[in-house]
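J.: First the structure, then my questions, so here it is.
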Amino acid sequence: VALVSGGKDSCMNMLKCVEYGHRIVAIANLTPSDVTKDEIDSYMYQTIGHGIVKGIAEALEVPLFQGRIKGKAITTTLTYNGNPKENKKDVDEVEDMYNLLLEVKTRMPNVKAVSSGAILSNYQRNRVEDVCSRLGFVSLAYLWQRDQKELLKEMVESGIEAVLMKTASMGLYPKKHLGKSLGDLLEYLTGEFAEMGCHPCGEGGE
């Protein structure tokens with residue numbers, strides 16, 4: 001099952017999974033609790049592209065499992081070992097992913113692994129691995145710690161059509177860059193933009 005946000009990284013990791021002999025049999029996606037919102041303030045999830053995930057599942061002809069993000073970031077340390085037992089009132093947002101993948105496991109018991117597009121964030125990777133460990137899944141993160149310039153070039157060469165939907169960084173300007181594809185921006189993102197100290201793949205929240 002592939003965790004897909006609608007962004008380039010989760011889609012690229014699906015391609016790598018297939019390249020290494022795995023088969024994508026389902027898509028799992030978490031949306032804001034209010035689905036009319038494109039984005040929420042979350043330590044863990046990117047939601048701005050959630051509106052296109054249904055189309056990705058349809059294109060792949062696989063079932064789509066969707067859940068709502070009801071929790072919030074309670075444990076914000078680098079490591080994560082499940083929702084704090086002493087906190088019975090609030091639920092960490094990571095548990096929303098656990099519940100979603102538990103549904104996948106229940107309805108598709110032959111699923112063995114989880115694909116995710118983690119590249120640089122130990123915070124996110126540790127939480128995906130915690131959930132996978134509790135459910136007996138293998139975590140597949142083939143983009144982990146890849147050189148971002150090389151990875152971005154590979155994404156473009158793979159045929160992924162990713163479009164810039166939001167900017168939150170110096171060097172990226174809405175009127176100039178929004179709506180442009182990775183192919184259009186590849187030279188800039190791997191050149192001048194990277195030289196500013198920014199992450200070509202957006203791993204710094206760019």
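In the structure tokens, each chain is lettered A, B, ... as it comes, each chain's residues begin at 1, and ligands are numbered from 1 in order of appearance.
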Name the residues of region 4-131 of chain A that come out as alpha helix (DSSP H) in a backbone DSSP run; write them as a ChimeraX atom specification.

T.: /A:8-19,53-60,94-107,122-131

J.: Which residues of region 25-128 of chain A have any atom within 8 Å of an atom in region 193-206 of chain A when counting only C-alpha atoms, and what is the closest pair of atoms for each, with the distance in Å to one decimal? Order the rows by chain and rising number and write it as a Markdown table.

T.:
| residue | atom | partner | partner_atom | distance |
| --- | --- | --- | --- | --- |
| A:Ile119 | CA | A:Glu203 | CA | 7.4 |
| A:Leu120 | CA | A:Glu203 | CA | 6.5 |
| A:Ser121 | CA | A:Glu203 | CA | 7.5 |

J.: Just to be explicit: take each residue in the selection above, keep N, CA, C and O atoms, and write the result as an mmCIF file, in the first residue's frame.

T.:
data_model
loop_
_atom_site.group_PDB
_atom_site.id
_atom_site.type_symbol
_atom_site.label_atom_id
_atom_site.label_comp_id
_atom_site.auth_asym_id
_atom_site.auth_seq_id
_atom_site.Cartn_x
_atom_site.Cartn_y
_atom_site.Cartn_z
ATOM 1 N N ILE A 119 12.251 11.709 2.424
ATOM 2 C CA ILE A 119 13.576 11.983 1.853
ATOM 3 C C ILE A 119 14.580 12.375 2.936
ATOM 4 O O ILE A 119 15.684 11.833 2.998
ATOM 5 N N LEU A 120 14.189 13.289 3.805
ATOM 6 C CA LEU A 120 15.168 13.844 4.746
ATOM 7 C C LEU A 120 14.668 13.928 6.183
ATOM 8 O O LEU A 120 15.476 13.988 7.108
ATOM 9 N N SER A 121 13.355 13.914 6.392
ATOM 10 C CA SER A 121 12.800 14.150 7.717
ATOM 11 C C SER A 121 12.811 12.888 8.579
ATOM 12 O O SER A 121 12.021 11.964 8.374
#

J.: For Leu64 (chain A), list every protein, DNA or RNA residue within 6 Å, evaluated using only C-alpha atoms, and leave out those in the same chain fewer than 6 positions away; present the list as a PyMOL selection string.

T.: chain A and resi 27-28+57

J.: Write out the residues from the selection above, keeping all heavy atoms, as a PDB file, in the first residue's frame.

T.:
ATOM      1  N   ILE A  27      -3.927   2.530  -2.437  1.00  0.00           N
ATOM      2  CA  ILE A  27      -3.462   3.867  -2.072  1.00  0.00           C
ATOM      3  C   ILE A  27      -4.098   4.247  -0.744  1.00  0.00           C
ATOM      4  O   ILE A  27      -5.286   4.009  -0.522  1.00  0.00           O
ATOM      5  CB  ILE A  27      -3.877   4.908  -3.132  1.00  0.00           C
ATOM      6  CG1 ILE A  27      -3.252   4.593  -4.493  1.00  0.00           C
ATOM      7  CG2 ILE A  27      -3.502   6.326  -2.680  1.00  0.00           C
ATOM      8  CD1 ILE A  27      -1.762   4.733  -4.556  1.00  0.00           C
ATOM      9  N   ALA A  28      -3.310   4.835   0.151  1.00  0.00           N
ATOM     10  CA  ALA A  28      -3.824   5.319   1.436  1.00  0.00           C
ATOM     11  C   ALA A  28      -3.509   6.805   1.554  1.00  0.00           C
ATOM     12  O   ALA A  28      -2.397   7.237   1.255  1.00  0.00           O
ATOM     13  CB  ALA A  28      -3.202   4.548   2.598  1.00  0.00           C
ATOM     14  N   ALA A  57      -5.437   7.059  -7.712  1.00  0.00           N
ATOM     15  CA  ALA A  57      -5.913   5.692  -7.465  1.00  0.00           C
ATOM     16  C   ALA A  57      -6.688   5.153  -8.661  1.00  0.00           C
ATOM     17  O   ALA A  57      -6.534   3.987  -9.050  1.00  0.00           O
ATOM     18  CB  ALA A  57      -6.783   5.665  -6.207  1.00  0.00           C
TER      19      ALA A  57
END

J.: What's around Ala2 (chain A) at 7 Å? Count only C-alpha atoms, leave out sequence neighbours fewer than 4 positions away in its own chain, and write the answer as a list in words.

T.: Met14, Ile24, Ala26, Ile27, Ala28, Val114, Ser115 and Ser116 of chain A

J.: Can I get the selected residues back with N, CA and C atoms, as a compact mmCIF listing (two decimals), in the first residue's frame?

T.:
# COMPACT_ATOMS: atom_id res chain seq x y z
N MET A 14 6.54 5.36 -5.32
CA MET A 14 5.77 4.27 -5.92
C MET A 14 6.49 3.73 -7.15
N ILE A 24 2.03 -2.15 -6.40
CA ILE A 24 1.13 -1.25 -5.68
C ILE A 24 -0.28 -1.83 -5.77
N ALA A 26 -2.85 -0.77 -3.40
CA ALA A 26 -3.80 0.16 -2.79
C ALA A 26 -3.12 1.49 -2.52
N ILE A 27 -3.93 2.53 -2.44
CA ILE A 27 -3.46 3.87 -2.07
C ILE A 27 -4.10 4.25 -0.74
N ALA A 28 -3.31 4.83 0.15
CA ALA A 28 -3.82 5.32 1.44
C ALA A 28 -3.51 6.81 1.55
N VAL A 114 4.57 -0.85 3.18
CA VAL A 114 4.04 0.51 3.04
C VAL A 114 5.07 1.37 2.32
N SER A 115 4.66 2.02 1.25
CA SER A 115 5.51 2.94 0.50
C SER A 115 5.28 4.36 1.00
N SER A 116 6.37 5.10 1.24
CA SER A 116 6.25 6.50 1.63
C SER A 116 7.37 7.31 0.97

J.: Quick one: everything within 10 Å of Ser181 (chain A), counting only C-alpha atoms, minus sequence neighbours fewer than 3 positions away in the same chain. Send it as a ChimeraX atom specification.

T.: /A:156,160-165,177-178,184-186

J.: Running DSSP on the backbone, which parts of region 13-101 of chain A land in strand (DSSP E), as a PyMOL selection string?

T.: chain A and resi 27-32+64-69

J.: Using all heavy atoms, can you export the residues from the last selection as an mmCIF file, in the first residue's frame?

T.:
data_model
loop_
_atom_site.group_PDB
_atom_site.id
_atom_site.type_symbol
_atom_site.label_atom_id
_atom_site.label_comp_id
_atom_site.auth_asym_id
_atom_site.auth_seq_id
_atom_site.Cartn_x
_atom_site.Cartn_y
_atom_site.Cartn_z
ATOM 1 N N ILE A 27 -3.927 2.530 -2.437
ATOM 2 C CA ILE A 27 -3.462 3.867 -2.072
ATOM 3 C C ILE A 27 -4.098 4.247 -0.744
ATOM 4 O O ILE A 27 -5.286 4.009 -0.522
ATOM 5 C CB ILE A 27 -3.877 4.908 -3.132
ATOM 6 C CG1 ILE A 27 -3.252 4.593 -4.493
ATOM 7 C CG2 ILE A 27 -3.502 6.326 -2.680
ATOM 8 C CD1 ILE A 27 -1.762 4.733 -4.556
ATOM 9 N N ALA A 28 -3.310 4.835 0.151
ATOM 10 C CA ALA A 28 -3.824 5.319 1.436
ATOM 11 C C ALA A 28 -3.509 6.805 1.554
ATOM 12 O O ALA A 28 -2.397 7.237 1.255
ATOM 13 C CB ALA A 28 -3.202 4.548 2.598
ATOM 14 N N ASN A 29 -4.492 7.560 1.993
ATOM 15 C CA ASN A 29 -4.340 9.018 2.039
ATOM 16 C C ASN A 29 -5.099 9.588 3.232
ATOM 17 O O ASN A 29 -6.197 9.149 3.548
ATOM 18 C CB ASN A 29 -4.873 9.621 0.736
ATOM 19 C CG ASN A 29 -5.013 11.137 0.805
ATOM 20 O OD1 ASN A 29 -6.125 11.649 0.904
ATOM 21 N ND2 ASN A 29 -3.911 11.849 0.757
ATOM 22 N N LEU A 30 -4.475 10.572 3.878
ATOM 23 C CA LEU A 30 -5.107 11.275 4.985
ATOM 24 C C LEU A 30 -5.440 12.700 4.566
ATOM 25 O O LEU A 30 -4.586 13.405 4.025
ATOM 26 C CB LEU A 30 -4.197 11.279 6.208
ATOM 27 C CG LEU A 30 -4.111 9.939 6.951
ATOM 28 C CD1 LEU A 30 -2.866 9.881 7.821
ATOM 29 C CD2 LEU A 30 -5.360 9.716 7.801
ATOM 30 N N THR A 31 -6.669 13.112 4.816
ATOM 31 C CA THR A 31 -7.130 14.442 4.438
ATOM 32 C C THR A 31 -7.394 15.269 5.693
ATOM 33 O O THR A 31 -7.551 14.716 6.788
ATOM 34 C CB THR A 31 -8.430 14.369 3.618
ATOM 35 O OG1 THR A 31 -9.502 13.954 4.486
ATOM 36 C CG2 THR A 31 -8.295 13.393 2.466
ATOM 37 N N PRO A 32 -7.468 16.594 5.556
ATOM 38 C CA PRO A 32 -7.875 17.409 6.703
ATOM 39 C C PRO A 32 -9.251 16.969 7.199
ATOM 40 O O PRO A 32 -10.074 16.470 6.420
ATOM 41 C CB PRO A 32 -7.913 18.831 6.128
ATOM 42 C CG PRO A 32 -6.990 18.790 4.948
ATOM 43 C CD PRO A 32 -7.149 17.421 4.372
ATOM 44 N N LEU A 64 -8.770 2.963 -3.054
ATOM 45 C CA LEU A 64 -8.304 4.119 -2.281
ATOM 46 C C LEU A 64 -8.884 4.045 -0.880
ATOM 47 O O LEU A 64 -10.093 3.936 -0.697
ATOM 48 C CB LEU A 64 -8.746 5.419 -2.957
ATOM 49 C CG LEU A 64 -8.550 6.717 -2.162
ATOM 50 C CD1 LEU A 64 -7.076 6.970 -1.894
ATOM 51 C CD2 LEU A 64 -9.184 7.896 -2.903
ATOM 52 N N PHE A 65 -7.995 4.102 0.104
ATOM 53 C CA PHE A 65 -8.393 4.175 1.505
ATOM 54 C C PHE A 65 -8.101 5.589 1.985
ATOM 55 O O PHE A 65 -6.951 6.040 1.928
ATOM 56 C CB PHE A 65 -7.607 3.171 2.351
ATOM 57 C CG PHE A 65 -7.909 1.732 2.053
ATOM 58 C CD1 PHE A 65 -7.281 1.092 0.991
ATOM 59 C CD2 PHE A 65 -8.818 1.019 2.819
ATOM 60 C CE1 PHE A 65 -7.550 -0.244 0.712
ATOM 61 C CE2 PHE A 65 -9.095 -0.311 2.560
ATOM 62 C CZ PHE A 65 -8.463 -0.947 1.495
ATOM 63 N N GLN A 66 -9.115 6.288 2.458
ATOM 64 C CA GLN A 66 -8.913 7.652 2.951
ATOM 65 C C GLN A 66 -9.404 7.789 4.380
ATOM 66 O O GLN A 66 -10.421 7.224 4.760
ATOM 67 C CB GLN A 66 -9.630 8.669 2.055
ATOM 68 C CG GLN A 66 -8.865 8.989 0.781
ATOM 69 C CD GLN A 66 -9.436 10.160 0.022
ATOM 70 O OE1 GLN A 66 -10.608 10.164 -0.323
ATOM 71 N NE2 GLN A 66 -8.611 11.166 -0.243
ATOM 72 N N GLY A 67 -8.662 8.559 5.149
ATOM 73 C CA GLY A 67 -9.046 8.844 6.525
ATOM 74 C C GLY A 67 -8.894 10.328 6.789
ATOM 75 O O GLY A 67 -8.302 11.061 5.992
ATOM 76 N N ARG A 68 -9.424 10.760 7.901
ATOM 77 C CA ARG A 68 -9.347 12.166 8.290
ATOM 78 C C ARG A 68 -8.274 12.362 9.359
ATOM 79 O O ARG A 68 -8.075 11.491 10.211
ATOM 80 C CB ARG A 68 -10.695 12.639 8.837
ATOM 81 C CG ARG A 68 -11.859 12.494 7.857
ATOM 82 C CD ARG A 68 -11.810 13.527 6.762
ATOM 83 N NE ARG A 68 -12.886 13.336 5.797
ATOM 84 C CZ ARG A 68 -14.114 13.841 5.923
ATOM 85 N NH1 ARG A 68 -14.424 14.544 7.010
ATOM 86 N NH2 ARG A 68 -15.011 13.647 4.992
ATOM 87 N N ILE A 69 -7.622 13.495 9.324
ATOM 88 C CA ILE A 69 -6.630 13.847 10.347
ATOM 89 C C ILE A 69 -7.382 14.510 11.496
ATOM 90 O O ILE A 69 -7.776 15.676 11.414
ATOM 91 C CB ILE A 69 -5.545 14.784 9.783
ATOM 92 C CG1 ILE A 69 -4.843 14.130 8.594
ATOM 93 C CG2 ILE A 69 -4.535 15.140 10.871
ATOM 94 C CD1 ILE A 69 -3.963 15.071 7.805
#

J.: Find the residues near region 70-78 of chain A: any atom within 6 Å, counting only C-alpha atoms, skip ones fewer than 4 places away on the same chain, and give them as a PyMOL selection string.

T.: chain A and resi 33+91-93+123

J.: Using only C-alpha atoms, which of the listed residues (A:Ser10, A:Val25, A:Leu3, A:Met44) sits closest to Pro109 (chain A)?

T.: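 Of A:Ser10, A:Val25, A:Leu3, A:Met44, the one nearest Pro109 (chain A), counting only C-alpha atoms, is A:Val25.
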
J.: How far is it from CA of Ile40 (chain A) to CA of Asn126 (chain A), in Å with one decimal?

T.: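 CA of Asn126 (chain A) lies at a distance of 21.0 Å from CA of Ile40 (chain A).
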